[in-house]
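Reproduced below: protein-v4.txt, with compact mmCIF, C-alpha atoms.
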```txt
# COMPACT_ATOMS: atom_id res chain seq x y z
CA MET M 1 73.85 175.81 139.68
CA ALA M 2 72.67 178.97 138.02
CA GLN M 3 76.20 180.25 138.10
CA VAL M 4 77.51 177.12 136.35
CA ALA M 5 74.84 177.40 133.67
CA GLU M 6 75.87 180.97 133.08
CA GLN M 7 79.49 179.90 132.91
CA THR M 8 78.81 177.39 130.12
CA LYS M 9 76.87 179.99 128.20
CA LYS M 10 79.84 182.33 128.12
CA ALA M 11 81.72 182.30 124.83
CA LYS M 12 85.00 180.38 124.82
CA GLY M 13 86.29 182.07 121.71
CA SER M 14 85.45 184.31 118.83
CA VAL M 15 85.97 184.75 115.10
CA VAL M 16 87.62 187.43 113.04
CA ILE M 17 86.03 188.18 109.67
CA VAL M 18 87.91 190.00 106.92
CA ALA M 19 84.83 191.08 104.99
CA GLU M 20 86.66 192.49 101.98
CA ARG M 21 88.25 189.12 101.18
CA CYS M 22 84.97 187.18 101.46
CA LYS M 23 83.19 185.82 98.38
CA GLY M 24 80.02 184.82 100.19
CA CYS M 25 80.19 181.07 99.50
CA GLY M 26 78.49 180.27 102.82
CA PHE M 27 80.78 177.36 103.81
CA CYS M 28 81.48 178.80 107.26
CA VAL M 29 77.79 179.42 107.96
CA GLU M 30 76.82 175.88 106.93
CA PHE M 31 79.64 173.96 108.60
CA CYS M 32 79.97 175.91 111.88
CA PRO M 33 79.38 173.21 114.55
CA PRO M 34 77.55 175.47 117.09
CA GLU M 35 75.88 177.37 114.20
CA VAL M 36 76.80 180.83 115.41
CA LEU M 37 77.34 182.46 112.02
CA GLU M 38 74.81 183.97 109.63
CA LEU M 39 75.09 185.66 106.25
CA SER M 40 74.44 189.34 106.74
CA THR M 41 72.12 191.42 104.62
CA GLU M 42 74.94 193.92 104.09
CA TYR M 43 77.27 193.76 101.10
CA ASN M 44 81.01 194.14 100.90
CA SER M 45 82.57 196.29 98.18
CA LYS M 46 82.49 193.39 95.67
CA GLY M 47 78.77 192.83 96.26
CA TYR M 48 78.92 189.64 98.33
CA HIS M 49 76.95 188.98 101.50
CA THR M 50 79.51 188.34 104.23
CA PRO M 51 79.05 186.29 107.40
CA ILE M 52 78.45 187.87 110.79
CA LEU M 53 78.81 186.40 114.26
CA ALA M 54 75.11 186.25 115.16
CA LYS M 55 75.23 184.21 118.38
CA ARG M 56 78.33 185.57 120.00
CA ASP M 57 77.79 183.66 123.26
CA LEU M 58 77.85 180.21 121.68
CA CYS M 59 81.14 180.51 119.77
CA THR M 60 83.74 178.00 120.92
CA GLY M 61 86.61 179.31 118.79
CA CYS M 62 87.07 175.86 117.24
CA ASP M 63 88.39 177.33 113.97
CA ILE M 64 86.36 175.00 111.69
CA CYS M 65 85.22 178.17 109.87
CA GLY M 66 88.86 179.09 109.36
CA MET M 67 89.61 175.66 107.94
CA VAL M 68 86.70 175.50 105.47
CA CYS M 69 87.01 179.11 104.30
CA PRO M 70 88.41 179.01 100.75
CA ASP M 71 89.22 182.71 100.80
CA PHE M 72 91.18 182.93 104.09
CA ALA M 73 88.62 185.55 105.16
CA ILE M 74 87.60 184.14 108.55
CA TYR M 75 89.34 182.43 111.44
CA GLY M 76 88.46 181.44 114.95
CA TYR M 77 90.52 181.79 118.10
CA MET M 78 90.04 180.70 121.67
CA PHE M 79 90.20 183.13 124.55
CA LYS M 80 93.18 182.52 126.76
CA LYS M 81 92.31 181.01 130.11
CA LYS M 82 92.94 183.32 133.03
CA THR M 83 95.31 181.92 135.56
CA LYS M 84 93.89 181.50 139.05
CA GLU M 85 96.58 183.77 140.50
CA ALA M 86 95.68 186.74 138.34
CA MET W 1 85.55 178.87 140.99
CA PRO W 2 87.10 182.06 139.64
CA GLU W 3 84.73 184.84 138.69
CA GLU W 4 85.63 184.93 135.01
CA LEU W 5 86.95 181.78 133.43
CA TYR W 6 87.90 183.37 130.15
CA ASP W 7 89.61 186.64 129.55
CA ILE W 8 87.59 188.39 126.86
CA GLU W 9 89.98 191.34 126.72
CA THR W 10 92.84 189.39 125.11
CA THR W 11 94.30 190.92 122.00
CA ILE W 12 92.95 189.45 118.79
CA PRO W 13 95.56 187.13 117.28
CA SER W 14 96.39 187.60 113.61
CA ASN W 15 95.36 184.91 111.14
CA PRO W 16 97.84 182.06 111.72
CA ILE W 17 97.99 181.10 108.06
CA GLU W 18 98.84 184.52 106.66
CA GLU W 19 102.59 184.06 107.07
CA PHE W 20 102.41 180.98 104.82
CA LEU W 21 100.65 182.83 102.00
CA ARG W 22 101.63 185.68 99.72
CA MET W 23 98.94 187.98 101.03
CA ASP W 24 99.79 190.69 98.49
CA ARG W 25 98.29 188.41 95.84
CA MET W 26 94.98 188.03 97.65
CA PRO W 27 92.11 187.87 96.81
CA HIS W 28 92.89 184.79 94.75
CA ILE W 29 91.37 183.90 91.38
CA TRP W 30 89.33 180.91 92.55
CA CYS W 31 85.57 181.20 92.12
CA PRO W 32 83.18 181.67 95.05
CA GLY W 33 82.42 178.17 96.32
CA CYS W 34 85.56 176.56 94.87
CA GLY W 35 87.12 174.02 97.21
CA ILE W 36 90.78 174.61 96.35
CA GLY W 37 91.18 177.38 98.94
CA THR W 38 89.85 175.03 101.61
CA THR W 39 92.47 172.44 100.74
CA VAL W 40 95.20 175.11 100.85
CA ASN W 41 93.95 176.03 104.32
CA CYS W 42 94.29 172.40 105.42
CA PHE W 43 97.73 172.10 103.79
CA VAL W 44 98.97 175.19 105.62
CA ARG W 45 97.67 173.87 108.95
CA ALA W 46 99.35 170.53 108.27
CA LEU W 47 102.63 172.35 107.54
CA GLN W 48 102.26 174.37 110.74
CA THR W 49 101.93 171.30 112.91
CA SER W 50 104.36 169.08 110.99
CA GLY W 51 107.43 170.74 112.47
CA LEU W 52 109.18 170.85 109.09
CA ASP W 53 111.82 173.50 108.44
CA LEU W 54 109.97 175.75 105.99
CA ASP W 55 113.21 176.73 104.27
CA LYS W 56 113.48 173.10 103.24
CA VAL W 57 109.98 172.78 101.80
CA ALA W 58 109.29 173.37 98.12
CA VAL W 59 105.88 173.42 96.42
CA VAL W 60 105.65 172.53 92.74
CA SER W 61 102.48 172.99 90.70
CA GLY W 62 101.47 172.42 87.12
CA ILE W 63 98.91 174.32 85.08
CA GLY W 64 95.27 174.75 86.01
CA CYS W 65 93.22 176.27 88.76
CA THR W 66 95.09 174.19 91.35
CA GLY W 67 98.38 175.11 89.68
CA ARG W 68 97.90 178.57 91.16
CA VAL W 69 98.69 177.21 94.61
CA ALA W 70 102.44 177.46 93.99
CA GLY W 71 102.03 181.17 93.32
CA TYR W 72 100.07 181.78 96.51
CA MET W 73 102.30 179.84 98.92
CA ASN W 74 104.97 181.90 100.65
CA LEU W 75 107.49 179.06 100.28
CA ASP W 76 110.00 178.16 97.62
CA SER W 77 107.65 177.27 94.82
CA PHE W 78 107.62 176.71 91.11
CA HIS W 79 104.79 176.87 88.58
CA THR W 80 105.83 174.43 85.87
CA THR W 81 104.56 173.80 82.34
CA HIS W 82 101.43 171.72 81.83
CA GLY W 83 101.70 168.21 83.30
CA ARG W 84 105.39 168.51 84.19
CA ALA W 85 105.09 169.18 87.90
CA ILE W 86 106.32 165.69 88.83
CA PRO W 87 109.37 165.64 86.50
CA PHE W 88 110.42 169.03 87.82
CA ALA W 89 109.89 167.86 91.41
CA THR W 90 111.89 164.68 90.69
CA GLY W 91 114.81 166.73 89.43
CA LEU W 92 114.54 169.07 92.39
CA LYS W 93 114.58 166.17 94.82
CA LEU W 94 117.53 164.43 93.17
CA ALA W 95 119.60 167.60 92.92
CA ASN W 96 118.82 168.61 96.49
CA PRO W 97 117.78 165.50 98.46
CA GLY W 98 117.48 167.45 101.70
CA LEU W 99 114.35 169.23 100.44
CA LYS W 100 110.79 168.17 101.20
CA VAL W 101 109.13 168.46 97.79
CA VAL W 102 105.35 168.78 97.59
CA VAL W 103 103.57 168.48 94.24
CA TYR W 104 100.25 170.33 94.45
CA SER W 105 98.23 170.10 91.29
CA GLY W 106 94.94 169.19 89.69
CA ASP W 107 93.48 166.04 88.17
CA GLY W 108 93.77 167.24 84.58
CA ASP W 109 97.39 168.22 85.06
CA LEU W 110 98.64 165.19 87.00
CA THR W 111 96.63 162.35 85.45
CA ALA W 112 95.92 163.46 81.89
CA ILE W 113 98.90 165.21 80.33
CA GLY W 114 101.10 164.28 83.28
CA GLY W 115 99.77 160.74 83.68
CA ASN W 116 102.96 159.09 82.51
CA HIS W 117 105.08 161.06 84.92
CA PHE W 118 102.68 160.24 87.72
CA ILE W 119 102.85 156.46 87.25
CA HIS W 120 106.62 156.44 86.84
CA ALA W 121 107.26 158.56 89.91
CA ALA W 122 105.07 156.12 91.86
CA ARG W 123 106.88 153.14 90.32
CA ARG W 124 110.29 154.56 91.30
CA ASN W 125 108.95 155.56 94.71
CA MET W 126 110.38 159.05 94.40
CA ASP W 127 110.30 160.79 97.76
CA LEU W 128 107.50 163.25 96.88
CA THR W 129 104.24 164.24 98.52
CA VAL W 130 101.63 164.51 95.77
CA ILE W 131 98.41 166.37 96.61
CA LEU W 132 95.89 166.03 93.81
CA ILE W 133 92.77 168.20 93.78
CA ASN W 134 90.09 166.33 91.85
CA ASN W 135 87.30 168.59 90.67
CA MET W 136 86.37 166.10 87.93
CA ILE W 137 86.83 168.57 85.09
CA TYR W 138 89.33 170.83 83.32
CA GLY W 139 88.31 173.93 85.20
CA MET W 140 90.59 176.66 83.88
CA THR W 141 90.26 175.91 80.17
CA GLY W 142 86.46 175.85 80.05
CA GLY W 143 85.08 172.64 81.48
CA GLN W 144 86.25 169.97 79.05
CA ALA W 145 85.91 166.30 80.03
CA ALA W 146 88.94 165.07 81.98
CA PRO W 147 90.07 161.47 82.68
CA THR W 148 88.36 161.84 86.04
CA THR W 149 84.96 163.01 84.73
CA PRO W 150 82.42 160.39 85.88
CA VAL W 151 80.36 158.42 83.38
CA GLY W 152 77.13 160.29 82.70
CA ALA W 153 78.41 163.74 83.69
CA THR W 154 78.06 166.56 81.20
CA ALA W 155 81.10 168.60 80.20
CA SER W 156 81.60 171.18 77.48
CA THR W 157 83.13 168.51 75.20
CA THR W 158 80.52 165.88 76.13
CA PRO W 159 77.18 167.73 75.87
CA HIS W 160 75.22 164.46 75.84
CA GLY W 161 77.05 163.01 78.82
CA ASN W 162 80.43 161.37 79.23
CA PHE W 163 80.72 157.68 78.28
CA GLU W 164 84.44 157.12 78.89
CA GLU W 165 85.56 154.96 81.80
CA THR W 166 86.92 157.01 84.70
CA PHE W 167 90.28 156.73 86.39
CA ASN W 168 90.20 155.26 89.87
CA LEU W 169 93.13 157.30 91.15
CA PRO W 170 93.83 155.54 94.49
CA PHE W 171 93.91 152.20 92.65
CA LEU W 172 96.18 153.64 89.96
CA ALA W 173 98.57 155.02 92.55
CA GLU W 174 98.62 151.83 94.62
CA SER W 175 99.13 149.54 91.65
CA CYS W 176 102.04 151.69 90.48
CA GLY W 177 103.70 151.43 93.88
CA ALA W 178 102.76 154.46 95.98
CA VAL W 179 103.47 153.91 99.68
CA TYR W 180 100.77 156.21 101.05
CA VAL W 181 97.37 156.58 99.38
CA ALA W 182 94.43 158.49 100.85
CA ARG W 183 91.31 160.20 99.56
CA TRP W 184 89.33 162.94 101.28
CA THR W 185 86.94 165.63 100.21
CA ALA W 186 87.10 169.37 100.84
CA HIS W 187 84.45 168.84 103.51
CA HIS W 188 86.66 166.58 105.70
CA VAL W 189 88.93 169.36 106.89
CA ARG W 190 90.24 167.76 110.08
CA HIS W 191 90.83 164.33 108.52
CA LEU W 192 92.45 165.96 105.54
CA THR W 193 94.84 168.02 107.66
CA LYS W 194 95.89 164.91 109.56
CA SER W 195 96.29 162.96 106.35
CA ILE W 196 98.46 165.62 104.71
CA LYS W 197 100.58 165.73 107.85
CA GLU W 198 101.09 161.96 107.66
CA ALA W 199 101.85 162.17 103.95
CA LEU W 200 104.47 164.87 104.61
CA ALA W 201 106.13 162.70 107.24
CA LYS W 202 106.07 159.61 105.01
CA LYS W 203 109.22 158.66 103.13
CA GLY W 204 108.46 157.79 99.51
CA PHE W 205 105.67 158.54 97.05
CA SER W 206 102.70 159.63 99.15
CA PHE W 207 99.50 160.48 97.37
CA VAL W 208 96.46 162.33 98.72
CA GLU W 209 93.45 162.79 96.44
CA ILE W 210 91.03 165.53 97.48
CA LEU W 211 87.61 165.94 95.91
CA ALA W 212 86.72 169.60 95.60
CA PRO W 213 83.65 171.32 94.18
CA CYS W 214 83.87 173.21 90.89
CA PRO W 215 80.74 175.35 91.05
CA THR W 216 81.29 177.30 87.86
CA LEU W 217 81.88 174.54 85.33
CA TYR W 218 81.12 171.11 86.79
CA SER W 219 78.20 171.78 89.16
CA ARG W 220 76.48 174.40 87.03
CA ARG W 221 76.64 172.35 83.83
CA ASN W 222 75.38 169.25 85.64
CA LYS W 223 72.68 171.21 87.53
CA LEU W 224 74.12 170.28 90.92
CA GLY W 225 73.76 173.71 92.48
CA ASP W 226 76.67 175.78 93.76
CA GLY W 227 79.78 174.96 95.77
CA LEU W 228 77.87 174.79 99.04
CA ASP W 229 75.45 172.19 97.60
CA GLN W 230 78.41 170.06 96.51
CA MET W 231 79.99 170.33 99.96
CA GLU W 232 76.70 169.24 101.52
CA PHE W 233 76.62 166.35 99.08
CA TYR W 234 80.12 165.33 100.25
CA ARG W 235 78.99 165.52 103.85
CA ASP W 236 75.91 163.35 103.29
CA ASN W 237 77.35 160.79 100.88
CA SER W 238 80.90 160.14 102.09
CA GLU W 239 81.76 156.96 103.87
CA ILE W 240 85.04 156.70 105.80
CA LYS W 241 86.63 153.30 105.23
CA ASN W 242 90.25 153.26 106.28
CA GLY W 243 92.20 150.45 104.69
CA ALA W 244 89.54 149.79 102.05
CA ASP W 245 90.55 147.86 98.93
CA THR W 246 91.38 150.55 96.37
CA LYS W 247 89.70 148.50 93.63
CA SER W 248 86.38 149.22 95.29
CA VAL W 249 86.71 153.00 95.58
CA THR W 250 85.64 154.04 92.06
CA LEU W 251 83.76 157.31 91.78
CA ASP W 252 80.35 157.31 90.10
CA PHE W 253 78.36 160.33 89.02
CA GLN W 254 76.76 161.60 92.25
CA GLY W 255 77.27 158.18 93.85
CA LYS W 256 78.64 157.21 97.24
CA ILE W 257 82.17 158.47 97.91
CA THR W 258 84.54 156.20 99.79
CA VAL W 259 87.12 158.24 101.65
CA GLY W 260 89.90 157.31 104.02
CA LYS W 261 93.49 156.20 104.20
CA PHE W 262 93.78 153.21 101.90
CA VAL W 263 97.48 152.34 101.76
CA ASP W 264 100.33 152.91 104.21
CA LYS W 265 103.32 150.65 103.60
CA GLU W 266 107.11 150.75 103.44
CA ARG W 267 109.27 150.38 100.34
CA PRO W 268 112.80 151.66 99.58
CA THR W 269 112.73 155.05 97.89
CA TYR W 270 114.53 155.79 94.63
CA ILE W 271 117.54 157.34 96.37
CA GLU W 272 117.83 154.47 98.87
CA ALA W 273 117.56 151.86 96.13
CA MET W 274 120.17 153.70 94.06
CA ASN W 275 122.58 153.91 97.02
CA GLN W 276 122.15 150.25 97.88
CA HIS W 277 122.63 149.11 94.30
CA TYR W 278 125.75 151.16 93.64
CA GLN W 279 127.33 150.32 96.97
CA LYS W 280 126.88 146.63 96.15
CA LYS W 281 128.15 147.09 92.61
CA PHE W 282 131.09 149.43 93.14
CA GLY W 283 131.95 149.14 96.84
CA ASP W 284 134.34 151.86 97.96
CA ARG W 285 134.59 153.33 94.51
CA TYR W 286 131.02 154.64 94.87
CA VAL W 287 131.11 158.12 96.41
CA PRO W 288 127.64 159.59 96.91
CA SER W 289 127.22 163.36 97.05
CA ASP W 290 127.39 165.09 100.43
CA GLU W 291 123.65 165.66 100.49
CA ILE W 292 122.84 162.02 99.86
CA ARG W 293 125.42 160.89 102.42
CA LYS W 294 123.91 163.23 105.02
CA LEU W 295 120.48 161.81 104.22
CA SER W 296 121.56 158.18 104.53
CA HIS W 297 123.35 158.95 107.83
CA ALA W 298 120.18 160.57 109.14
CA GLN W 299 118.25 157.44 108.21
CA GLU W 300 120.65 155.18 110.06
```

Please express the file's structure as structure tokens.
Amino acid sequence: MAQVAEQTKKAKGSVVIVAERCKGCGFCVEFCPPEVLELSTEYNSKGYHTPILAKRDLCTGCDICGMVCPDFAIYGYMFKKKTKEA
Amino acid sequence: MPEELYDIETTIPSNPIEEFLRMDRMPHIWCPGCGIGTTVNCFVRALQTSGLDLDKVAVVSGIGCTGRVAGYMNLDSFHTTHGRAIPFATGLKLANPGLKVVVYSGDGDLTAIGGNHFIHAARRNMDLTVILINNMIYGMTGGQAAPTTPVGATASTTPHGNFEETFNLPFLAESCGAVYVARWTAHHVRHLTKSIKEALAKKGFSFVEILAPCPTLYSRRNKLGDGLDQMEFYRDNSEIKNGADTKSVTLDFQGKITVGKFVDKERPTYIEAMNQHYQKKFGDRYVPSDEIRKLSHAQE
């Protein structure tokens, strides 16, 4: 059982953030279904707070952040499933 | 059970939408918190899954913040004069009927200065996909009241509140004869993508209205917070009613928003009606152009 619980905790995907394109609107942070993103305290070169992947283990790679982002600065992707043979 | 279910070491894929955009023009001019970029994202994802030949897709925009979309899409696109996106698209479609023509413009452009063109394209059932971004204001020119500004909202030309009756755009489109009418907000990304995909596949005048926040001019002047607050408002106050009577979907100032697919019907398009009429009138003497003949063969 413990092994299964650990399995579900493992991230199924991740996000890529292009910080320099971000304008800090916060849409991705607010509308992320598993709420894995946070606005960082760092700035990008234009002076906006950009999102960071705070809870890496909970990301499902659903790409809702990529769909709501008005600046094309973030997108999610799912990890490819390993085949049983490999 | 295998030891590791997911392979973390996979190479990071590049952003799937970048090939659809002119990335050399990024970052775009839209304000932080503006919803237009979100709708472009949904449009690109709809294009990706629609299976359309991208060499046969053209995007036409008018003037305004949303008019910039034509410049950012890496497709054949044209940025027309103010309000004339639909006449240009009509000409494009008639001259080259094999194209899929998408009109992507704002509320001020399509329903104010271009209002006449809008109703007549719907009446003729021109084979166009019209995506209208409704931010309830003239954004680019400084926040003047538009035909879509709700009663009671403040704009730069109505400092004591707007008192003019508002357009109910789905009702306008349906009553003029549009075959596909839907309304979504920038918050409903999945629904919106599906809806745009359906509109692209639909033959005839398909119309999708998208409510989008305008944080700089509409929200700030009306003390509604920033773009994120408007998106949260859309989330909390939208009601999905597919097939709702379009008469009942008027927009009030900060009132309930009815979203959904309202109309999906069949009607002969302009080109089909023209072919039918002339074939009946002239018989064998009527010789349609190669493009139109190809199109009517494909339909059969």

Next on the checklist: Can you pull out the residues contacting region 43-48 of chain M? Cut-off 12 Å, using all atoms listed in the file, and skip same-chain residues under 6 positions away; I want them as JSON, numbers by chain.
Outcome noted: {"M": [17, 18, 19, 20, 21, 22, 23, 24, 25, 26], "W": [27, 32]}

Checklist entry - For chain W, which residue among M:Leu37, M:Ile52, M:Ala11, M:Cys32 is the nearest when counting all atoms listed in the file? => result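 Result for the nearest residue to chain W: M:Ala11.
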
Contact residues around region 56-71 of chain W with only C-alpha atoms at 8 Å, ignoring same-chain residues under 4 positions, as a compact mmCIF listing (two decimals) with C-alpha atoms, in the frame of the given file:
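In the end it all went to part.txt:
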```txt
# COMPACT_ATOMS: atom_id res chain seq x y z
CA ARG W 22 101.63 185.68 99.72
CA TRP W 30 89.33 180.91 92.55
CA ILE W 36 90.78 174.61 96.35
CA VAL W 40 95.20 175.11 100.85
CA LEU W 52 109.18 170.85 109.09
CA LEU W 75 107.49 179.06 100.28
CA ASP W 76 110.00 178.16 97.62
CA SER W 77 107.65 177.27 94.82
CA PHE W 78 107.62 176.71 91.11
CA HIS W 79 104.79 176.87 88.58
CA THR W 80 105.83 174.43 85.87
CA THR W 81 104.56 173.80 82.34
CA HIS W 82 101.43 171.72 81.83
CA GLY W 83 101.70 168.21 83.30
CA ARG W 84 105.39 168.51 84.19
CA ALA W 85 105.09 169.18 87.90
CA ILE W 86 106.32 165.69 88.83
CA PHE W 88 110.42 169.03 87.82
CA ALA W 89 109.89 167.86 91.41
CA GLY W 98 117.48 167.45 101.70
CA LEU W 99 114.35 169.23 100.44
CA LYS W 100 110.79 168.17 101.20
CA VAL W 101 109.13 168.46 97.79
CA VAL W 102 105.35 168.78 97.59
CA VAL W 103 103.57 168.48 94.24
CA TYR W 104 100.25 170.33 94.45
CA SER W 105 98.23 170.10 91.29
CA GLY W 106 94.94 169.19 89.69
CA GLY W 108 93.77 167.24 84.58
CA ASP W 109 97.39 168.22 85.06
CA LEU W 110 98.64 165.19 87.00
CA ILE W 133 92.77 168.20 93.78
CA TYR W 138 89.33 170.83 83.32
CA GLY W 139 88.31 173.93 85.20
CA MET W 140 90.59 176.66 83.88
CA THR W 141 90.26 175.91 80.17
```

Next on the checklist: Need to verify the contact set: Pro13 (chain W), 10 Å, only C-alpha atoms, exclusion of same-chain residues closer than 5 positions in sequence. Can you return it as a ChimeraX atom specification?
Outcome noted: /M:16,75-79

Item to check | Expected answer as a VMD selection string: chain M residues within 6 Å of chain W, all atoms listed in the file | outcome: chain M and resid 21 23 25 67 to 71 81 to 82

Item to check | Two-atom distance - CA of Ser156 (chain W), CA of Met136 (chain W) (Å) | outcome: 12.6 Å

Next on the checklist: I'd like to know which of W:Val181, W:Ala155, W:Leu169, W:Met73 is closest to Ala112 (chain W), using all atoms listed in the file.
Outcome noted: W:Leu169

Next on the checklist: I'd like to know which of W:Gly115, W:Gly283, W:Gly225, W:Pro97 is closest to Leu172 (chain W), using all atoms listed in the file.
Outcome noted: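 The shortest atom-to-atom distance to Leu172 (chain W) comes from W:Gly115.
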
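Put simply, CA of Glu19 (chain W) is 14.8 Å away from CA of Gly66 (chain M).
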
Next on the checklist: I need every residue sitting at most 10 Å from the point (70.2, 181.6, 118.5) (coordinates as in the file, only C-alpha atoms considered), written as a list in words.
Outcome noted: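 Here is the list of nearby residues: Pro34, Glu35, Val36, Leu37, Ala54, Lys55, Arg56, Asp57 and Leu58 of chain M.
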
Checklist entry - For the atom pair CA of Thr49 (chain W) and CA of Val259 (chain W), what is the interatomic distance in Å to one decimal place? => result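 Those two atoms sit 22.7 Å apart.
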
Next on the checklist: Between W:Leu132, W:Ala153, W:Leu217, W:Ile240, which residue has the minimum interatomic distance to Phe253 (chain W), considering all atoms listed in the file?
Outcome noted: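 The shortest atom-to-atom distance to Phe253 (chain W) comes from W:Ala153.
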
How big is the axis-aligned box, and where does its centre sit, when it encloses all atoms of region 230-235 of chain W listed in the file and has 8 Å added on every side, reported in Å to one decimal as JSON?
```
{"center_x": 78.4, "center_y": 167.8, "center_z": 100.2, "size_x": 19.5, "size_y": 21.0, "size_z": 23.3}
```

Checklist entry - Near Ser206 (chain W), within 9 Å and counting all atoms listed in the file, which residues show up once chain neighbours fewer than 3 positions away are dropped, as a PyMOL selection string? => result chain W and resi 122+125+127-131+178-182+198-200+202-203+264

Repaired coordinates for region 63-84 of chain W (N, CA and C atoms) as a PDB file, in the frame of the given file:
```
ATOM      1  N   ILE W  63      99.819 173.309  85.602  1.00  0.00           N
ATOM      2  CA  ILE W  63      98.910 174.320  85.080  1.00  0.00           C
ATOM      3  C   ILE W  63      97.489 173.962  85.503  1.00  0.00           C
ATOM      4  N   GLY W  64      96.672 174.951  85.652  1.00  0.00           N
ATOM      5  CA  GLY W  64      95.270 174.750  86.010  1.00  0.00           C
ATOM      6  C   GLY W  64      94.907 175.598  87.189  1.00  0.00           C
ATOM      7  N   CYS W  65      93.654 175.484  87.602  1.00  0.00           N
ATOM      8  CA  CYS W  65      93.220 176.270  88.760  1.00  0.00           C
ATOM      9  C   CYS W  65      94.084 175.905  89.960  1.00  0.00           C
ATOM     10  N   THR W  66      94.299 174.611  90.190  1.00  0.00           N
ATOM     11  CA  THR W  66      95.090 174.190  91.350  1.00  0.00           C
ATOM     12  C   THR W  66      96.547 174.588  91.175  1.00  0.00           C
ATOM     13  N   GLY W  67      97.002 174.718  89.943  1.00  0.00           N
ATOM     14  CA  GLY W  67      98.380 175.110  89.680  1.00  0.00           C
ATOM     15  C   GLY W  67      98.717 176.464  90.276  1.00  0.00           C
ATOM     16  N   ARG W  68      97.679 177.259  90.573  1.00  0.00           N
ATOM     17  CA  ARG W  68      97.900 178.570  91.160  1.00  0.00           C
ATOM     18  C   ARG W  68      98.430 178.505  92.580  1.00  0.00           C
ATOM     19  N   VAL W  69      98.294 177.329  93.210  1.00  0.00           N
ATOM     20  CA  VAL W  69      98.690 177.210  94.610  1.00  0.00           C
ATOM     21  C   VAL W  69     100.158 177.590  94.797  1.00  0.00           C
ATOM     22  N   ALA W  70     101.014 177.156  93.868  1.00  0.00           N
ATOM     23  CA  ALA W  70     102.440 177.460  93.990  1.00  0.00           C
ATOM     24  C   ALA W  70     102.672 178.966  94.068  1.00  0.00           C
ATOM     25  N   GLY W  71     101.867 179.721  93.325  1.00  0.00           N
ATOM     26  CA  GLY W  71     102.030 181.170  93.320  1.00  0.00           C
ATOM     27  C   GLY W  71     101.542 181.832  94.592  1.00  0.00           C
ATOM     28  N   TYR W  72     100.627 181.174  95.305  1.00  0.00           N
ATOM     29  CA  TYR W  72     100.070 181.780  96.510  1.00  0.00           C
ATOM     30  C   TYR W  72     100.796 181.374  97.775  1.00  0.00           C
ATOM     31  N   MET W  73     101.605 180.298  97.710  1.00  0.00           N
ATOM     32  CA  MET W  73     102.300 179.840  98.920  1.00  0.00           C
ATOM     33  C   MET W  73     103.561 180.665  99.108  1.00  0.00           C
ATOM     34  N   ASN W  74     103.784 181.118 100.350  1.00  0.00           N
ATOM     35  CA  ASN W  74     104.970 181.900 100.650  1.00  0.00           C
ATOM     36  C   ASN W  74     106.135 180.971 101.005  1.00  0.00           C
ATOM     37  N   LEU W  75     106.378 179.999 100.120  1.00  0.00           N
ATOM     38  CA  LEU W  75     107.490 179.060 100.280  1.00  0.00           C
ATOM     39  C   LEU W  75     108.249 179.084  98.972  1.00  0.00           C
ATOM     40  N   ASP W  76     109.353 178.333  98.918  1.00  0.00           N
ATOM     41  CA  ASP W  76     110.000 178.160  97.620  1.00  0.00           C
ATOM     42  C   ASP W  76     109.034 177.385  96.755  1.00  0.00           C
ATOM     43  N   SER W  77     108.663 177.952  95.622  1.00  0.00           N
ATOM     44  CA  SER W  77     107.650 177.270  94.820  1.00  0.00           C
ATOM     45  C   SER W  77     107.932 177.500  93.344  1.00  0.00           C
ATOM     46  N   PHE W  78     107.416 176.589  92.548  1.00  0.00           N
ATOM     47  CA  PHE W  78     107.620 176.710  91.110  1.00  0.00           C
ATOM     48  C   PHE W  78     106.360 176.298  90.377  1.00  0.00           C
ATOM     49  N   HIS W  79     105.984 177.100  89.385  1.00  0.00           N
ATOM     50  CA  HIS W  79     104.790 176.870  88.580  1.00  0.00           C
ATOM     51  C   HIS W  79     105.284 176.334  87.234  1.00  0.00           C
ATOM     52  N   THR W  80     105.185 175.024  87.039  1.00  0.00           N
ATOM     53  CA  THR W  80     105.830 174.430  85.870  1.00  0.00           C
ATOM     54  C   THR W  80     104.903 174.466  84.653  1.00  0.00           C
ATOM     55  N   THR W  81     105.385 173.922  83.551  1.00  0.00           N
ATOM     56  CA  THR W  81     104.560 173.800  82.340  1.00  0.00           C
ATOM     57  C   THR W  81     103.518 172.693  82.567  1.00  0.00           C
ATOM     58  N   HIS W  82     102.595 172.568  81.627  1.00  0.00           N
ATOM     59  CA  HIS W  82     101.430 171.720  81.830  1.00  0.00           C
ATOM     60  C   HIS W  82     101.820 170.239  81.959  1.00  0.00           C
ATOM     61  N   GLY W  83     101.474 169.641  83.094  1.00  0.00           N
ATOM     62  CA  GLY W  83     101.700 168.210  83.300  1.00  0.00           C
ATOM     63  C   GLY W  83     103.079 167.862  83.796  1.00  0.00           C
ATOM     64  N   ARG W  84     103.981 168.832  83.883  1.00  0.00           N
ATOM     65  CA  ARG W  84     105.390 168.510  84.190  1.00  0.00           C
ATOM     66  C   ARG W  84     105.748 168.840  85.628  1.00  0.00           C
TER      67      ARG W  84
END
```
